[in-house]
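Everything below concerns the one structure shown next.
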Amino acid sequence: MLELHLMPLLLTFYSDDFTGSTDALEQLTLAGIRTALFIEPPTLTQLKKIPGLQAIGVAGKTRALAPEAMERELKPALLALKKLKPRHVHYKVCSTFDSAPHIGSIGRVMDLAAKIFPAQFIPLLVAAPALGRYTVFGQHFARYGIGSTGAIHRLDRHPSISKHPITPMMEADLRLHLANQTKKRVALFDILNLAVPAKEARTALKLLLAAKPDVVLFDALSAEHLALIGGLIDDYASVRRPLFSVGSSGIEMALAAAWNKKRLARTLAPPAKQILVGSGSCSPVTSGQIAWALKHDFVEVPLNAMALANTKTAAAEIQRATAAAATFLQDNRNVIVHSTKSGSNKRITTKLKGHTAEVLGSALGQVLRGAVEQSDVHRICIAGGDTSSYAARAMGIEALEMIAPLTPGAPLCRAQAPGSPVDGCEVVFKGGQVGTENHFEIVKNGKPPA
């Protein structure tokens, strides 16, 4: 059995996309918890390559799947993670709770997981104050851009998140949003219960659980709140009965604070001679970053999304873009390959009928892999939550370990990609909302913003 070859695991997690999984990887690593991130539940051979692991993550793709496909993808992964005998199993979602009844359904995940992990309740913690994500009386708020000084908006009034082309967030009350996806009863552990000593908070949680809710949503506004929540939910976890939770990387932040692990000193990565960026993001934050980069010594290779959507022209378009990117890289330029830089294209989403992320992400990954193979570039940045999981798979990536923090939620990692030119490369996975205007320059320089 795998567990005989492992240290006792504090936590395993499955992330609904790749960019979100590196966020959780970063929080655990910075907390002094050795963590590795895998594309699929790891084999014994893969685990032997990384001794001393205390946490294991799987970078999934369920955020872009319909409920039935989600269940087919997720069930074997959760069963595999359970066999590793961790204290906690976390389903990691975006801190903006991107989901809908027809795609990326978090409610469907809870329905499935409750059968695999029988427990008194499922903790739900979406707030991540370090990323500008807050929950107050069940209402969720998000800063415009992670790692920026953007304004904080209620989720249903957020200028980007409320207009997402696939899963627009039209409801800020997470309980109401979730009610469209599951019949599970959701109780709220509100901000007032976090303003009392830990002993009183434990009593409040016991009283709440006496009504036998299926899910408990936790408010949070600060790191201190997370530390209290981490202690509360850790009381209900054990190796014999692992606790399944749902939430942002706030779960990792909360548990790490409760475990009081010695945090690692922040390290800096050296600058890279050049970088290769691949973007499938339609976020206006990423669009602004591309625009800034093109004014500061980056060049672009736009992908023809309509050509990629047609099976007769896709291969030729991938070949064209790969050759163009490789030529720029051979000329020592910083290159951005993107499927869009001006928002979503309704013609594409209509034509691909729910497969937009898979088609565009896979094509983007093939272009990046081919460009790396024909050049000396060693640092790559991939932008876009929905498309990132498919891009990573097309690049041949099997596992990641964090090298250094850059922007919150998007650390610099080392890729394991056996048989691929990407093997050993430094990679950053960035969600659409992540980063300041000069994010790609930060990735190139290896220096976090002041």
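FYI, nothing fancy with the structure tokens labels: chains A, B, ... in order, residues from 1 per chain, ligands from 1 as they appear.
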
Original post:
DSSP on the backbone: what in range 37-245 of chain A comes out strand (DSSP E or B), as a ChimeraX atom specification?
Top reply: /A:37-38,55-59,88-92,100,103,122-125,128,133-136,139-143,146,152-154,173,186-189,215-218,220,243-245

Write to file, as a tab-separated table (two decimals), in the first residue's frame, the residues of the selection just made, with N, CA and C atoms.
```tsv
chain	number	residue	atom	x	y	z
A	37	LEU	N	2.78	18.66	-6.02
A	37	LEU	CA	1.54	18.76	-6.78
A	37	LEU	C	1.65	17.87	-8.01
A	38	PHE	N	0.64	17.02	-8.23
A	38	PHE	CA	0.64	16.08	-9.33
A	38	PHE	C	-0.56	16.33	-10.25
A	55	ALA	N	2.28	16.71	2.51
A	55	ALA	CA	1.01	17.04	1.85
A	55	ALA	C	1.15	16.75	0.36
A	56	ILE	N	0.04	16.34	-0.24
A	56	ILE	CA	0.03	15.97	-1.65
A	56	ILE	C	-1.19	16.61	-2.30
A	57	GLY	N	-0.98	17.21	-3.46
A	57	GLY	CA	-2.07	17.82	-4.20
A	57	GLY	C	-2.23	17.21	-5.58
A	58	VAL	N	-3.44	17.27	-6.10
A	58	VAL	CA	-3.73	16.85	-7.47
A	58	VAL	C	-4.34	18.04	-8.20
A	59	ALA	N	-3.72	18.43	-9.30
A	59	ALA	CA	-4.22	19.55	-10.10
A	59	ALA	C	-5.24	19.04	-11.09
A	88	HIS	N	-6.79	15.40	6.54
A	88	HIS	CA	-7.70	16.30	5.83
A	88	HIS	C	-7.65	16.01	4.33
A	89	VAL	N	-8.79	16.09	3.68
A	89	VAL	CA	-8.89	16.05	2.22
A	89	VAL	C	-9.66	17.30	1.80
A	90	HIS	N	-9.03	18.10	0.96
A	90	HIS	CA	-9.59	19.41	0.61
A	90	HIS	C	-9.91	19.47	-0.88
A	91	TYR	N	-11.13	19.85	-1.22
A	91	TYR	CA	-11.47	20.17	-2.61
A	91	TYR	C	-11.25	21.66	-2.78
A	92	LYS	N	-10.19	22.00	-3.49
A	92	LYS	CA	-9.76	23.40	-3.61
A	92	LYS	C	-10.47	24.07	-4.77
A	100	ALA	N	-21.32	26.74	-11.38
A	100	ALA	CA	-22.71	26.86	-11.82
A	100	ALA	C	-23.33	25.47	-11.80
A	103	ILE	N	-21.90	23.54	-14.87
A	103	ILE	CA	-20.46	23.38	-15.09
A	103	ILE	C	-19.70	23.78	-13.82
A	122	ILE	N	-19.31	19.22	6.43
A	122	ILE	CA	-18.30	19.65	5.46
A	122	ILE	C	-17.99	21.13	5.72
A	123	PRO	N	-16.78	21.47	6.16
A	123	PRO	CA	-16.41	22.88	6.29
A	123	PRO	C	-16.30	23.54	4.92
A	124	LEU	N	-16.83	24.75	4.80
A	124	LEU	CA	-16.75	25.54	3.58
A	124	LEU	C	-16.12	26.89	3.93
A	125	LEU	N	-14.91	27.11	3.44
A	125	LEU	CA	-14.18	28.35	3.72
A	125	LEU	C	-13.66	28.90	2.40
A	128	ALA	N	-10.03	34.26	1.63
A	128	ALA	CA	-8.57	34.18	1.64
A	128	ALA	C	-8.08	35.63	1.74
A	133	ARG	N	-9.85	38.30	-0.60
A	133	ARG	CA	-11.14	37.60	-0.65
A	133	ARG	C	-11.70	37.53	0.77
A	134	TYR	N	-12.93	37.99	0.95
A	134	TYR	CA	-13.52	38.11	2.28
A	134	TYR	C	-14.97	37.64	2.27
A	135	THR	N	-15.39	37.01	3.37
A	135	THR	CA	-16.79	36.60	3.53
A	135	THR	C	-17.33	37.19	4.82
A	136	VAL	N	-18.44	37.90	4.74
A	136	VAL	CA	-19.06	38.54	5.90
A	136	VAL	C	-20.56	38.27	5.88
A	139	GLN	N	-21.94	36.78	2.76
A	139	GLN	CA	-21.73	37.53	1.51
A	139	GLN	C	-20.24	37.54	1.18
A	140	HIS	N	-19.91	37.28	-0.09
A	140	HIS	CA	-18.51	37.17	-0.47
A	140	HIS	C	-18.06	38.40	-1.26
A	141	PHE	N	-16.84	38.84	-0.99
A	141	PHE	CA	-16.27	40.03	-1.61
A	141	PHE	C	-14.90	39.69	-2.19
A	142	ALA	N	-14.51	40.38	-3.26
A	142	ALA	CA	-13.23	40.11	-3.90
A	142	ALA	C	-12.59	41.40	-4.40
A	143	ARG	N	-11.29	41.50	-4.19
A	143	ARG	CA	-10.53	42.61	-4.73
A	143	ARG	C	-10.39	42.46	-6.24
A	146	ILE	N	-5.64	40.06	-7.86
A	146	ILE	CA	-4.89	39.55	-6.71
A	146	ILE	C	-3.47	40.11	-6.77
A	152	ILE	N	-12.29	46.64	-3.69
A	152	ILE	CA	-12.99	45.43	-3.28
A	152	ILE	C	-14.46	45.56	-3.65
A	153	HIS	N	-14.99	44.52	-4.29
A	153	HIS	CA	-16.37	44.54	-4.77
A	153	HIS	C	-17.13	43.34	-4.22
A	154	ARG	N	-18.42	43.54	-3.98
A	154	ARG	CA	-19.29	42.40	-3.71
A	154	ARG	C	-19.29	41.53	-4.96
A	173	ASP	N	-24.29	35.98	-1.98
A	173	ASP	CA	-24.54	35.13	-0.82
A	173	ASP	C	-24.19	33.69	-1.23
A	186	VAL	N	-26.94	24.28	4.44
A	186	VAL	CA	-25.74	25.05	4.73
A	186	VAL	C	-26.00	25.98	5.90
A	187	ALA	N	-25.23	25.81	6.97
A	187	ALA	CA	-25.32	26.71	8.13
A	187	ALA	C	-24.17	27.71	8.05
A	188	LEU	N	-24.32	28.84	8.72
A	188	LEU	CA	-23.31	29.90	8.68
A	188	LEU	C	-22.67	30.09	10.05
A	189	PHE	N	-21.36	29.99	10.10
A	189	PHE	CA	-20.59	30.35	11.29
A	189	PHE	C	-20.09	31.77	11.03
A	215	VAL	N	-23.36	21.24	5.75
A	215	VAL	CA	-22.22	22.10	5.41
A	215	VAL	C	-22.21	23.29	6.37
A	216	VAL	N	-21.01	23.71	6.77
A	216	VAL	CA	-20.88	24.93	7.58
A	216	VAL	C	-20.00	25.92	6.82
A	217	LEU	N	-20.58	27.05	6.44
A	217	LEU	CA	-19.85	28.13	5.78
A	217	LEU	C	-19.25	29.04	6.84
A	218	PHE	N	-17.94	29.29	6.74
A	218	PHE	CA	-17.25	30.14	7.70
A	218	PHE	C	-16.98	31.51	7.09
A	220	ALA	N	-14.84	35.07	7.20
A	220	ALA	CA	-13.46	35.40	7.59
A	220	ALA	C	-13.06	36.72	6.96
A	243	LEU	N	-11.28	14.50	7.41
A	243	LEU	CA	-12.31	15.53	7.23
A	243	LEU	C	-12.23	16.09	5.82
A	244	PHE	N	-13.33	16.03	5.10
A	244	PHE	CA	-13.40	16.60	3.75
A	244	PHE	C	-13.91	18.03	3.84
A	245	SER	N	-13.19	18.93	3.21
A	245	SER	CA	-13.56	20.35	3.22
A	245	SER	C	-13.58	20.89	1.81
```

Please provide the set of residues having any atom within 10 Å of range 305-321 of chain A, restricted to only C-alpha atoms, with same-chain residues fewer than 2 positions apart removed, written as an mmCIF file with N, CA and C atoms, in the first residue's frame.
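As written to disk, out01.cif reads:
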```cif
data_model
loop_
_atom_site.group_PDB
_atom_site.id
_atom_site.type_symbol
_atom_site.label_atom_id
_atom_site.label_comp_id
_atom_site.auth_asym_id
_atom_site.auth_seq_id
_atom_site.Cartn_x
_atom_site.Cartn_y
_atom_site.Cartn_z
ATOM 1 N N VAL A 301 2.128 36.372 -30.089
ATOM 2 C CA VAL A 301 1.714 35.428 -31.125
ATOM 3 C C VAL A 301 0.246 35.128 -30.867
ATOM 4 N N PRO A 302 -0.659 35.857 -31.525
ATOM 5 C CA PRO A 302 -2.091 35.610 -31.316
ATOM 6 C C PRO A 302 -2.505 34.276 -31.953
ATOM 7 N N LEU A 303 -3.283 33.502 -31.223
ATOM 8 C CA LEU A 303 -3.844 32.283 -31.782
ATOM 9 C C LEU A 303 -5.183 32.594 -32.445
ATOM 10 N N ALA A 323 5.822 27.777 -34.698
ATOM 11 C CA ALA A 323 6.959 28.280 -35.468
ATOM 12 C C ALA A 323 7.202 29.761 -35.194
ATOM 13 N N ALA A 324 6.132 30.545 -35.107
ATOM 14 C CA ALA A 324 6.277 31.979 -34.842
ATOM 15 C C ALA A 324 6.867 32.228 -33.463
ATOM 16 N N ALA A 325 6.368 31.499 -32.443
ATOM 17 C CA ALA A 325 6.882 31.668 -31.084
ATOM 18 C C ALA A 325 8.333 31.245 -30.991
ATOM 19 N N ALA A 326 8.683 30.126 -31.623
ATOM 20 C CA ALA A 326 10.066 29.640 -31.592
ATOM 21 C C ALA A 326 11.018 30.628 -32.256
ATOM 22 N N THR A 327 10.603 31.222 -33.354
ATOM 23 C CA THR A 327 11.452 32.198 -34.047
ATOM 24 C C THR A 327 11.732 33.402 -33.163
ATOM 25 N N VAL A 337 2.009 34.049 -26.110
ATOM 26 C CA VAL A 337 1.074 33.350 -26.997
ATOM 27 C C VAL A 337 -0.288 33.410 -26.332
ATOM 28 N N HIS A 338 -1.296 33.924 -27.015
ATOM 29 C CA HIS A 338 -2.596 34.091 -26.366
ATOM 30 C C HIS A 338 -3.740 33.754 -27.316
ATOM 31 N N SER A 339 -4.820 33.250 -26.722
ATOM 32 C CA SER A 339 -6.009 32.955 -27.517
ATOM 33 C C SER A 339 -6.960 34.143 -27.553
ATOM 34 N N THR A 340 -6.793 35.073 -26.614
ATOM 35 C CA THR A 340 -7.576 36.310 -26.615
ATOM 36 C C THR A 340 -6.909 37.300 -25.688
ATOM 37 N N ASN A 345 -14.938 35.432 -26.519
ATOM 38 C CA ASN A 345 -15.487 35.452 -27.866
ATOM 39 C C ASN A 345 -16.707 34.538 -27.889
ATOM 40 N N ARG A 347 -18.655 33.728 -30.231
ATOM 41 C CA ARG A 347 -18.704 32.817 -31.383
ATOM 42 C C ARG A 347 -17.962 31.524 -31.071
ATOM 43 N N ILE A 348 -16.833 31.650 -30.357
ATOM 44 C CA ILE A 348 -16.031 30.468 -30.025
ATOM 45 C C ILE A 348 -16.766 29.591 -29.028
ATOM 46 N N THR A 349 -17.271 30.209 -27.954
ATOM 47 C CA THR A 349 -17.954 29.416 -26.932
ATOM 48 C C THR A 349 -19.199 28.733 -27.487
ATOM 49 N N LYS A 351 -19.605 27.784 -30.693
ATOM 50 C CA LYS A 351 -19.165 26.749 -31.621
ATOM 51 C C LYS A 351 -18.660 25.499 -30.879
ATOM 52 N N LEU A 352 -17.946 25.721 -29.773
ATOM 53 C CA LEU A 352 -17.323 24.605 -29.066
ATOM 54 C C LEU A 352 -18.251 23.949 -28.050
ATOM 55 N N HIS A 355 -16.798 23.005 -24.660
ATOM 56 C CA HIS A 355 -15.441 22.444 -24.715
ATOM 57 C C HIS A 355 -14.389 23.519 -24.985
ATOM 58 N N THR A 356 -14.739 24.778 -24.737
ATOM 59 C CA THR A 356 -13.821 25.875 -25.038
ATOM 60 C C THR A 356 -12.505 25.733 -24.302
ATOM 61 N N VAL A 359 -10.353 22.722 -25.701
ATOM 62 C CA VAL A 359 -9.797 22.930 -27.043
ATOM 63 C C VAL A 359 -8.708 23.996 -27.036
ATOM 64 N N LEU A 360 -9.015 25.159 -26.450
ATOM 65 C CA LEU A 360 -8.044 26.253 -26.455
ATOM 66 C C LEU A 360 -6.865 25.958 -25.530
ATOM 67 N N SER A 362 -5.646 22.971 -24.588
ATOM 68 C CA SER A 362 -4.797 21.915 -25.154
ATOM 69 C C SER A 362 -3.944 22.460 -26.295
ATOM 70 N N ALA A 363 -4.544 23.269 -27.138
ATOM 71 C CA ALA A 363 -3.781 23.870 -28.240
ATOM 72 C C ALA A 363 -2.690 24.785 -27.712
ATOM 73 N N LEU A 364 -3.005 25.585 -26.717
ATOM 74 C CA LEU A 364 -2.018 26.474 -26.131
ATOM 75 C C LEU A 364 -0.849 25.670 -25.565
ATOM 76 N N GLY A 365 -1.153 24.584 -24.859
ATOM 77 C CA GLY A 365 -0.091 23.751 -24.311
ATOM 78 C C GLY A 365 0.789 23.135 -25.383
ATOM 79 N N GLN A 366 0.192 22.723 -26.491
ATOM 80 C CA GLN A 366 0.982 22.152 -27.589
ATOM 81 C C GLN A 366 1.924 23.193 -28.189
ATOM 82 N N VAL A 367 1.432 24.415 -28.321
ATOM 83 C CA VAL A 367 2.274 25.487 -28.863
ATOM 84 C C VAL A 367 3.450 25.774 -27.920
ATOM 85 N N LEU A 368 3.165 25.873 -26.631
ATOM 86 C CA LEU A 368 4.220 26.154 -25.662
ATOM 87 C C LEU A 368 5.259 25.031 -25.646
ATOM 88 N N GLY A 370 6.018 22.917 -28.036
ATOM 89 C CA GLY A 370 6.817 22.951 -29.260
ATOM 90 C C GLY A 370 7.802 24.103 -29.277
ATOM 91 N N ALA A 371 7.396 25.264 -28.742
ATOM 92 C CA ALA A 371 8.295 26.423 -28.715
ATOM 93 C C ALA A 371 9.460 26.200 -27.776
#
```

**OP:** Name all residues at most 9 Å from range 68-85 of chain A (count only C-alpha atoms; drop same-chain ones fewer than 6 positions away) and give them as number ranges by chain.
**Re:** A: 1-4, 6, 8-14, 40-42, 56-58, 60-62, 103-105, 108-109, 112-113, 116-117, 238-242

Those same residues - C-alpha atoms - I'd like them written as a PDB file, in the first residue's frame.
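The resulting file, again_15.pdb, is reproduced below:
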```pdb
ATOM      1  CA  MET A   1       0.000   0.000   0.000  1.00  0.00           C
ATOM      2  CA  LEU A   2       1.184   3.523  -0.751  1.00  0.00           C
ATOM      3  CA  GLU A   3       0.717   4.751   2.791  1.00  0.00           C
ATOM      4  CA  LEU A   4       3.438   2.414   4.109  1.00  0.00           C
ATOM      5  CA  LEU A   6       4.901   7.867   3.320  1.00  0.00           C
ATOM      6  CA  PRO A   8       1.946  10.701   8.021  1.00  0.00           C
ATOM      7  CA  LEU A   9       0.147  13.094   5.715  1.00  0.00           C
ATOM      8  CA  LEU A  10      -1.383  16.207   7.188  1.00  0.00           C
ATOM      9  CA  LEU A  11      -3.442  16.994   4.107  1.00  0.00           C
ATOM     10  CA  THR A  12      -4.226  16.010   0.539  1.00  0.00           C
ATOM     11  CA  PHE A  13      -6.091  18.236  -1.866  1.00  0.00           C
ATOM     12  CA  TYR A  14      -7.721  18.104  -5.267  1.00  0.00           C
ATOM     13  CA  GLU A  40      -3.043  12.727 -11.424  1.00  0.00           C
ATOM     14  CA  PRO A  41      -3.085  10.868  -8.094  1.00  0.00           C
ATOM     15  CA  PRO A  42       0.573   9.868  -7.725  1.00  0.00           C
ATOM     16  CA  ILE A  56       0.032  15.969  -1.653  1.00  0.00           C
ATOM     17  CA  GLY A  57      -2.073  17.817  -4.201  1.00  0.00           C
ATOM     18  CA  VAL A  58      -3.731  16.851  -7.470  1.00  0.00           C
ATOM     19  CA  GLY A  60      -7.564  18.722 -11.614  1.00  0.00           C
ATOM     20  CA  LYS A  61      -9.808  20.159 -14.300  1.00  0.00           C
ATOM     21  CA  THR A  62     -13.306  19.811 -12.855  1.00  0.00           C
ATOM     22  CA  ILE A 103     -20.457  23.384 -15.087  1.00  0.00           C
ATOM     23  CA  GLY A 104     -17.941  23.203 -12.245  1.00  0.00           C
ATOM     24  CA  SER A 105     -20.753  22.431  -9.773  1.00  0.00           C
ATOM     25  CA  ARG A 108     -22.215  18.110  -7.034  1.00  0.00           C
ATOM     26  CA  VAL A 109     -18.767  17.680  -5.476  1.00  0.00           C
ATOM     27  CA  LEU A 112     -20.235  12.891  -4.106  1.00  0.00           C
ATOM     28  CA  ALA A 113     -17.723  13.490  -1.321  1.00  0.00           C
ATOM     29  CA  ILE A 116     -16.793   8.831   0.392  1.00  0.00           C
ATOM     30  CA  PHE A 117     -15.971  10.800   3.548  1.00  0.00           C
ATOM     31  CA  SER A 238      -8.305  12.217  12.141  1.00  0.00           C
ATOM     32  CA  VAL A 239      -6.438   9.589  10.125  1.00  0.00           C
ATOM     33  CA  ARG A 240      -9.252   7.118  10.777  1.00  0.00           C
ATOM     34  CA  ARG A 241     -11.879   9.618   9.687  1.00  0.00           C
ATOM     35  CA  PRO A 242     -10.387  12.290   7.414  1.00  0.00           C
TER      36      PRO A 242
END
```

**OP:** Just the residues within 9 Å of Gly20 in chain A, please, counting only C-alpha atoms, with nothing from its chain fewer than 3 positions along; format it as a PyMOL selection string.
**Re:** chain A and resi 15-17+23-25+59+92-95+248-249+385+409-410+429-431

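Using only C-alpha atoms, the smallest distance between any of A:Gly138, A:Gly230, A:Gly247, A:Pro411 and Thr29 in chain A comes from A:Pro411.
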
DSSP on the backbone, then: every residue of range 96-329 of chain A marked alpha helix (DSSP H), written as a PDB file with C-alpha atoms, in the first residue's frame.
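After the write, result_15.pdb holds the following:
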```
ATOM      1  CA  ILE A 106     -19.372  22.623  -6.243  1.00  0.00           C
ATOM      2  CA  GLY A 107     -22.671  21.262  -4.953  1.00  0.00           C
ATOM      3  CA  ARG A 108     -22.215  18.110  -7.034  1.00  0.00           C
ATOM      4  CA  VAL A 109     -18.767  17.680  -5.476  1.00  0.00           C
ATOM      5  CA  MET A 110     -20.260  17.868  -1.974  1.00  0.00           C
ATOM      6  CA  ASP A 111     -22.915  15.297  -2.873  1.00  0.00           C
ATOM      7  CA  LEU A 112     -20.235  12.891  -4.106  1.00  0.00           C
ATOM      8  CA  ALA A 113     -17.723  13.490  -1.321  1.00  0.00           C
ATOM      9  CA  ALA A 114     -20.271  12.990   1.455  1.00  0.00           C
ATOM     10  CA  LYS A 115     -20.569   9.347   0.343  1.00  0.00           C
ATOM     11  CA  ILE A 116     -16.793   8.831   0.392  1.00  0.00           C
ATOM     12  CA  LEU A 174     -22.613  31.863  -1.095  1.00  0.00           C
ATOM     13  CA  ARG A 175     -25.457  29.939   0.548  1.00  0.00           C
ATOM     14  CA  LEU A 176     -27.929  31.032  -2.112  1.00  0.00           C
ATOM     15  CA  HIS A 177     -25.439  30.395  -4.899  1.00  0.00           C
ATOM     16  CA  LEU A 178     -24.779  26.895  -3.580  1.00  0.00           C
ATOM     17  CA  ALA A 179     -28.489  26.166  -3.162  1.00  0.00           C
ATOM     18  CA  ALA A 198     -11.336  30.055  20.981  1.00  0.00           C
ATOM     19  CA  LYS A 199     -13.147  28.170  23.762  1.00  0.00           C
ATOM     20  CA  GLU A 200     -16.353  30.129  23.149  1.00  0.00           C
ATOM     21  CA  ALA A 201     -15.996  29.677  19.384  1.00  0.00           C
ATOM     22  CA  ARG A 202     -15.771  25.909  19.878  1.00  0.00           C
ATOM     23  CA  THR A 203     -18.940  25.973  21.923  1.00  0.00           C
ATOM     24  CA  ALA A 204     -20.675  28.042  19.243  1.00  0.00           C
ATOM     25  CA  LEU A 205     -19.679  25.528  16.565  1.00  0.00           C
ATOM     26  CA  LYS A 206     -20.979  22.620  18.657  1.00  0.00           C
ATOM     27  CA  LEU A 207     -24.300  24.415  19.071  1.00  0.00           C
ATOM     28  CA  LEU A 208     -24.463  25.029  15.327  1.00  0.00           C
ATOM     29  CA  LEU A 209     -23.706  21.371  14.589  1.00  0.00           C
ATOM     30  CA  ALA A 223      -5.443  35.978   9.165  1.00  0.00           C
ATOM     31  CA  GLU A 224      -6.445  35.793  12.824  1.00  0.00           C
ATOM     32  CA  HIS A 225      -9.877  34.554  11.807  1.00  0.00           C
ATOM     33  CA  LEU A 226      -8.283  31.869   9.638  1.00  0.00           C
ATOM     34  CA  ALA A 227      -6.092  30.648  12.505  1.00  0.00           C
ATOM     35  CA  LEU A 228      -9.161  30.278  14.727  1.00  0.00           C
ATOM     36  CA  ILE A 229     -11.105  28.470  11.995  1.00  0.00           C
ATOM     37  CA  GLY A 230      -8.176  26.143  11.349  1.00  0.00           C
ATOM     38  CA  GLY A 231      -8.180  25.044  14.970  1.00  0.00           C
ATOM     39  CA  LEU A 232     -11.946  24.555  14.956  1.00  0.00           C
ATOM     40  CA  ILE A 233     -12.058  22.287  11.910  1.00  0.00           C
ATOM     41  CA  ASP A 234      -8.870  20.394  12.835  1.00  0.00           C
ATOM     42  CA  GLY A 250      -7.885  29.801   2.930  1.00  0.00           C
ATOM     43  CA  ILE A 251      -8.206  26.150   4.064  1.00  0.00           C
ATOM     44  CA  GLU A 252      -4.430  25.678   3.769  1.00  0.00           C
ATOM     45  CA  MET A 253      -3.764  29.045   5.418  1.00  0.00           C
ATOM     46  CA  ALA A 254      -6.138  28.216   8.273  1.00  0.00           C
ATOM     47  CA  LEU A 255      -4.800  24.733   8.979  1.00  0.00           C
ATOM     48  CA  ALA A 256      -1.150  25.777   8.668  1.00  0.00           C
ATOM     49  CA  ALA A 257      -1.764  28.562  11.198  1.00  0.00           C
ATOM     50  CA  ALA A 258      -3.475  26.115  13.561  1.00  0.00           C
ATOM     51  CA  TRP A 259      -0.626  23.613  13.238  1.00  0.00           C
ATOM     52  CA  PRO A 284      -9.641  42.046 -18.113  1.00  0.00           C
ATOM     53  CA  VAL A 285      -6.853  41.823 -15.505  1.00  0.00           C
ATOM     54  CA  THR A 286      -4.853  39.531 -17.784  1.00  0.00           C
ATOM     55  CA  SER A 287      -5.757  41.632 -20.826  1.00  0.00           C
ATOM     56  CA  GLY A 288      -4.235  44.635 -19.069  1.00  0.00           C
ATOM     57  CA  GLN A 289      -1.106  42.651 -18.263  1.00  0.00           C
ATOM     58  CA  ILE A 290      -0.698  41.595 -21.887  1.00  0.00           C
ATOM     59  CA  ALA A 291      -1.170  45.186 -23.048  1.00  0.00           C
ATOM     60  CA  TRP A 292       1.454  46.411 -20.556  1.00  0.00           C
ATOM     61  CA  ALA A 293       3.932  43.715 -21.580  1.00  0.00           C
ATOM     62  CA  LEU A 294       3.574  44.480 -25.293  1.00  0.00           C
ATOM     63  CA  ALA A 305      -9.336  30.627 -31.950  1.00  0.00           C
ATOM     64  CA  MET A 306     -11.785  29.985 -34.785  1.00  0.00           C
ATOM     65  CA  ALA A 307      -9.134  27.973 -36.619  1.00  0.00           C
ATOM     66  CA  LEU A 308      -8.475  25.954 -33.453  1.00  0.00           C
ATOM     67  CA  ALA A 314      -6.465  23.256 -35.894  1.00  0.00           C
ATOM     68  CA  ALA A 315      -3.229  21.369 -36.601  1.00  0.00           C
ATOM     69  CA  ALA A 316      -2.040  23.947 -39.122  1.00  0.00           C
ATOM     70  CA  GLU A 317      -2.795  26.793 -36.715  1.00  0.00           C
ATOM     71  CA  ILE A 318      -0.853  25.093 -33.902  1.00  0.00           C
ATOM     72  CA  GLN A 319       2.086  24.543 -36.261  1.00  0.00           C
ATOM     73  CA  ARG A 320       2.011  28.174 -37.421  1.00  0.00           C
ATOM     74  CA  ALA A 321       1.907  29.575 -33.882  1.00  0.00           C
ATOM     75  CA  THR A 322       4.626  27.220 -32.672  1.00  0.00           C
ATOM     76  CA  ALA A 323       6.959  28.280 -35.468  1.00  0.00           C
ATOM     77  CA  ALA A 324       6.277  31.979 -34.842  1.00  0.00           C
ATOM     78  CA  ALA A 325       6.882  31.668 -31.084  1.00  0.00           C
ATOM     79  CA  ALA A 326      10.066  29.640 -31.592  1.00  0.00           C
ATOM     80  CA  THR A 327      11.452  32.198 -34.047  1.00  0.00           C
ATOM     81  CA  PHE A 328      10.903  35.032 -31.567  1.00  0.00           C
ATOM     82  CA  LEU A 329      12.482  33.014 -28.756  1.00  0.00           C
TER      83      LEU A 329
END
```

**OP:** To one decimal in Å, tell me the separation between CA of Lys184 in chain A and CA of Ser21 in chain A.
**Re:**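 That distance, rounded to one decimal, is 25.7 Å.
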
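We find CA of Lys49 in chain A and CA of Leu276 in chain A to be spaced 27.6 Å apart.
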
Original post:
Using only C-alpha atoms, which of the listed residues (A:Val299, A:Cys381, A:Ala66, A:Ala417) sits closest to Ile397 in chain A?
Top reply: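 Closest to Ile397 in chain A of all the choices is A:Ala417.
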
Subject >> Å distance separating CA of Gly280 in chain A from CA of Ser388 in chain A, one decimal place >> reply: 7.5 Å

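With only C-alpha atoms taken into account, the protein and nucleic acid residues at most 7 Å from range 440-444 of chain A (excluding it and anything under 3 positions from it in its own chain) are A:Pro271, A:Ala272, A:Gln274, A:Ile275, A:Ala293, A:Lys447, A:Pro448.
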